[in-house]
Amino acid sequence: MSRAFGAEPSIITPKEAFDRVKSGDIVLVDIRTQDEWRQSGIAQGAHPISMRDRTFLADLDTLTGGDKAAKIGLICATGGRSAWLRGRLEAAGYSNVIDVGQGMFGNPSGPGWIRGGLPVERYAK
């Protein structure tokens, strides 16, 4: 992937996301629905905030302290919704939104979080 020196990548792998969550470099948000979280669990370290909730932006602002420059990673099932939402958030003024492109279940670009062997936490609500 080409990018300017020092520029943040717009898409990262689940492994990169996991490492960056562990180091405190990004805030990871699982944007899927509650039903999806219950079925598969959520990525360890992710904050479950469904993009379908009316309070999504307010919840995201609470999570980031209102910092639109905070590094936010988005993960969904296969990368489609997270890519779409990344564009919407950038249009709304967020400047460091990163797509976990393979999502939880993978797509042609890779195995995703779960099949990649990364840890998952049970969603209990």
# chains A, B, ... in the order shown; residues from 1 in each chain; ligands from 1

$ residues_around --residues "Ile75 of chain A" --least-positions-apart "3" --cutoff "6 Å" --atoms "only C-alpha atoms" --output "number ranges by chain"
A: 30, 82, 100, 103

$ residues_around --residues "segment 42-54 of chain A" --least-positions-apart "2" --cutoff "8 Å" --atoms "only C-alpha atoms" --output "number ranges by chain"
A: 18, 21-22, 27-34, 37, 40, 56-57, 59-60, 104, 113, 118-123

$ select_by_dssp --residues "chain A" --states "alpha helix (DSSP H)" --output "MDAnalysis selection string"
chainID A and resid 14:22 34:40 56:64 80:91 112:115

$ write_last_selection --atoms "C-alpha atoms" --output "short mmCIF file (atom, residue, chain, number, x, y, z; two decimals), in the first residue's frame"
data_model
loop_
_atom_site.label_atom_id
_atom_site.label_comp_id
_atom_site.auth_asym_id
_atom_site.auth_seq_id
_atom_site.Cartn_x
_atom_site.Cartn_y
_atom_site.Cartn_z
CA PRO A 14 -6.91 -7.68 12.20
CA LYS A 15 -3.46 -8.60 13.57
CA GLU A 16 -2.27 -5.02 13.13
CA ALA A 17 -5.44 -3.79 14.84
CA PHE A 18 -4.97 -6.19 17.76
CA ASP A 19 -1.35 -5.11 18.25
CA ARG A 20 -2.33 -1.45 18.11
CA VAL A 21 -5.17 -1.93 20.60
CA LYS A 22 -2.78 -3.70 22.99
CA GLN A 34 -26.03 -6.66 19.13
CA ASP A 35 -27.28 -9.87 17.51
CA GLU A 36 -23.97 -10.22 15.67
CA TRP A 37 -22.00 -9.57 18.87
CA ARG A 38 -24.01 -12.25 20.69
CA GLN A 39 -23.46 -14.79 17.91
CA SER A 40 -19.70 -14.41 17.48
CA PHE A 56 -23.68 6.15 17.55
CA LEU A 57 -21.95 9.51 17.10
CA ALA A 58 -22.62 10.59 20.68
CA ASP A 59 -21.30 7.24 21.96
CA LEU A 60 -18.22 7.56 19.74
CA ASP A 61 -17.61 11.09 21.02
CA THR A 62 -17.91 9.86 24.61
CA LEU A 63 -15.42 7.07 23.88
CA THR A 64 -12.88 9.44 22.31
CA GLY A 80 -17.92 -3.58 3.93
CA ARG A 81 -19.71 -1.56 6.59
CA SER A 82 -16.49 -0.41 8.23
CA ALA A 83 -15.16 0.91 4.89
CA TRP A 84 -18.44 2.74 4.23
CA LEU A 85 -18.58 4.21 7.74
CA ARG A 86 -14.95 5.31 7.60
CA GLY A 87 -15.85 7.56 4.67
CA ARG A 88 -18.88 8.97 6.47
CA LEU A 89 -16.88 9.72 9.62
CA GLU A 90 -14.14 11.41 7.61
CA ALA A 91 -16.80 13.58 5.94
CA GLY A 112 -10.38 -11.95 9.43
CA TRP A 113 -10.13 -11.69 13.20
CA ILE A 114 -11.65 -15.03 14.21
CA ARG A 115 -10.04 -17.36 11.65
#

$ atom_distance --atom1 "atom CA of Ser95 of chain A" --atom2 "atom CA of Ser23 of chain A"
20.2 Å

$ select_by_dssp --residues "segment 6-123 of chain A" --states "strand (DSSP E or B)" --output "tab-separated table (two decimals) with N, CA and C atoms, in the first residue's frame"
chain	number	residue	atom	x	y	z
A	11	ILE	N	-6.45	1.30	5.85
A	11	ILE	CA	-6.90	-0.08	6.07
A	11	ILE	C	-5.77	-0.84	6.76
A	12	ILE	N	-6.12	-1.61	7.79
A	12	ILE	CA	-5.14	-2.46	8.46
A	12	ILE	C	-5.71	-3.86	8.62
A	27	VAL	N	-8.27	3.14	19.29
A	27	VAL	CA	-9.50	2.72	19.94
A	27	VAL	C	-10.24	1.90	18.89
A	28	LEU	N	-10.54	0.64	19.19
A	28	LEU	CA	-11.22	-0.24	18.24
A	28	LEU	C	-12.70	-0.28	18.55
A	29	VAL	N	-13.52	-0.03	17.52
A	29	VAL	CA	-14.97	-0.01	17.68
A	29	VAL	C	-15.58	-1.07	16.78
A	30	ASP	N	-16.33	-2.00	17.38
A	30	ASP	CA	-17.07	-3.01	16.64
A	30	ASP	C	-18.43	-2.41	16.31
A	42	ILE	N	-17.06	-10.37	20.47
A	42	ILE	CA	-16.41	-9.18	19.92
A	42	ILE	C	-14.90	-9.33	20.03
A	43	ALA	N	-14.20	-8.64	19.19
A	43	ALA	CA	-12.74	-8.66	19.22
A	43	ALA	C	-12.26	-8.18	20.58
A	47	HIS	N	-14.71	-1.91	21.50
A	47	HIS	CA	-15.87	-1.30	22.14
A	47	HIS	C	-17.07	-1.53	21.23
A	48	PRO	N	-18.10	-2.24	21.70
A	48	PRO	CA	-19.26	-2.49	20.86
A	48	PRO	C	-20.18	-1.27	20.80
A	72	ILE	N	-9.16	5.89	15.46
A	72	ILE	CA	-10.31	5.01	15.66
A	72	ILE	C	-10.24	3.90	14.61
A	73	GLY	N	-10.21	2.66	15.07
A	73	GLY	CA	-10.30	1.51	14.17
A	73	GLY	C	-11.73	1.02	14.15
A	74	LEU	N	-12.25	0.73	12.97
A	74	LEU	CA	-13.61	0.21	12.82
A	74	LEU	C	-13.56	-1.22	12.32
A	75	ILE	N	-14.34	-2.09	12.96
A	75	ILE	CA	-14.42	-3.48	12.51
A	75	ILE	C	-15.88	-3.88	12.40
A	97	VAL	N	-9.51	7.78	11.00
A	97	VAL	CA	-10.37	6.60	11.04
A	97	VAL	C	-9.72	5.51	10.18
A	98	ILE	N	-9.60	4.32	10.75
A	98	ILE	CA	-8.90	3.21	10.12
A	98	ILE	C	-9.87	2.02	10.00
A	99	ASP	N	-9.90	1.42	8.84
A	99	ASP	CA	-10.77	0.28	8.56
A	99	ASP	C	-10.00	-1.02	8.81
A	100	VAL	N	-10.55	-1.89	9.66
A	100	VAL	CA	-9.99	-3.23	9.80
A	100	VAL	C	-10.63	-4.04	8.68
A	107	ASN	N	-12.53	-12.03	4.28
A	107	ASN	CA	-13.01	-11.79	2.92
A	107	ASN	C	-11.87	-12.21	1.99
A	110	GLY	N	-8.19	-11.70	3.21
A	110	GLY	CA	-7.60	-12.37	4.36
A	110	GLY	C	-8.62	-13.03	5.26
A	120	VAL	N	-11.26	-13.37	21.17
A	120	VAL	CA	-12.62	-12.85	21.12
A	120	VAL	C	-13.20	-12.90	22.53
A	121	GLU	N	-13.96	-11.87	22.87
A	121	GLU	CA	-14.64	-11.82	24.17
A	121	GLU	C	-16.13	-12.04	23.97

$ atom_distance --atom1 "atom CA of Gly93 of chain A" --atom2 "atom CA of Lys68 of chain A"
6.6 Å
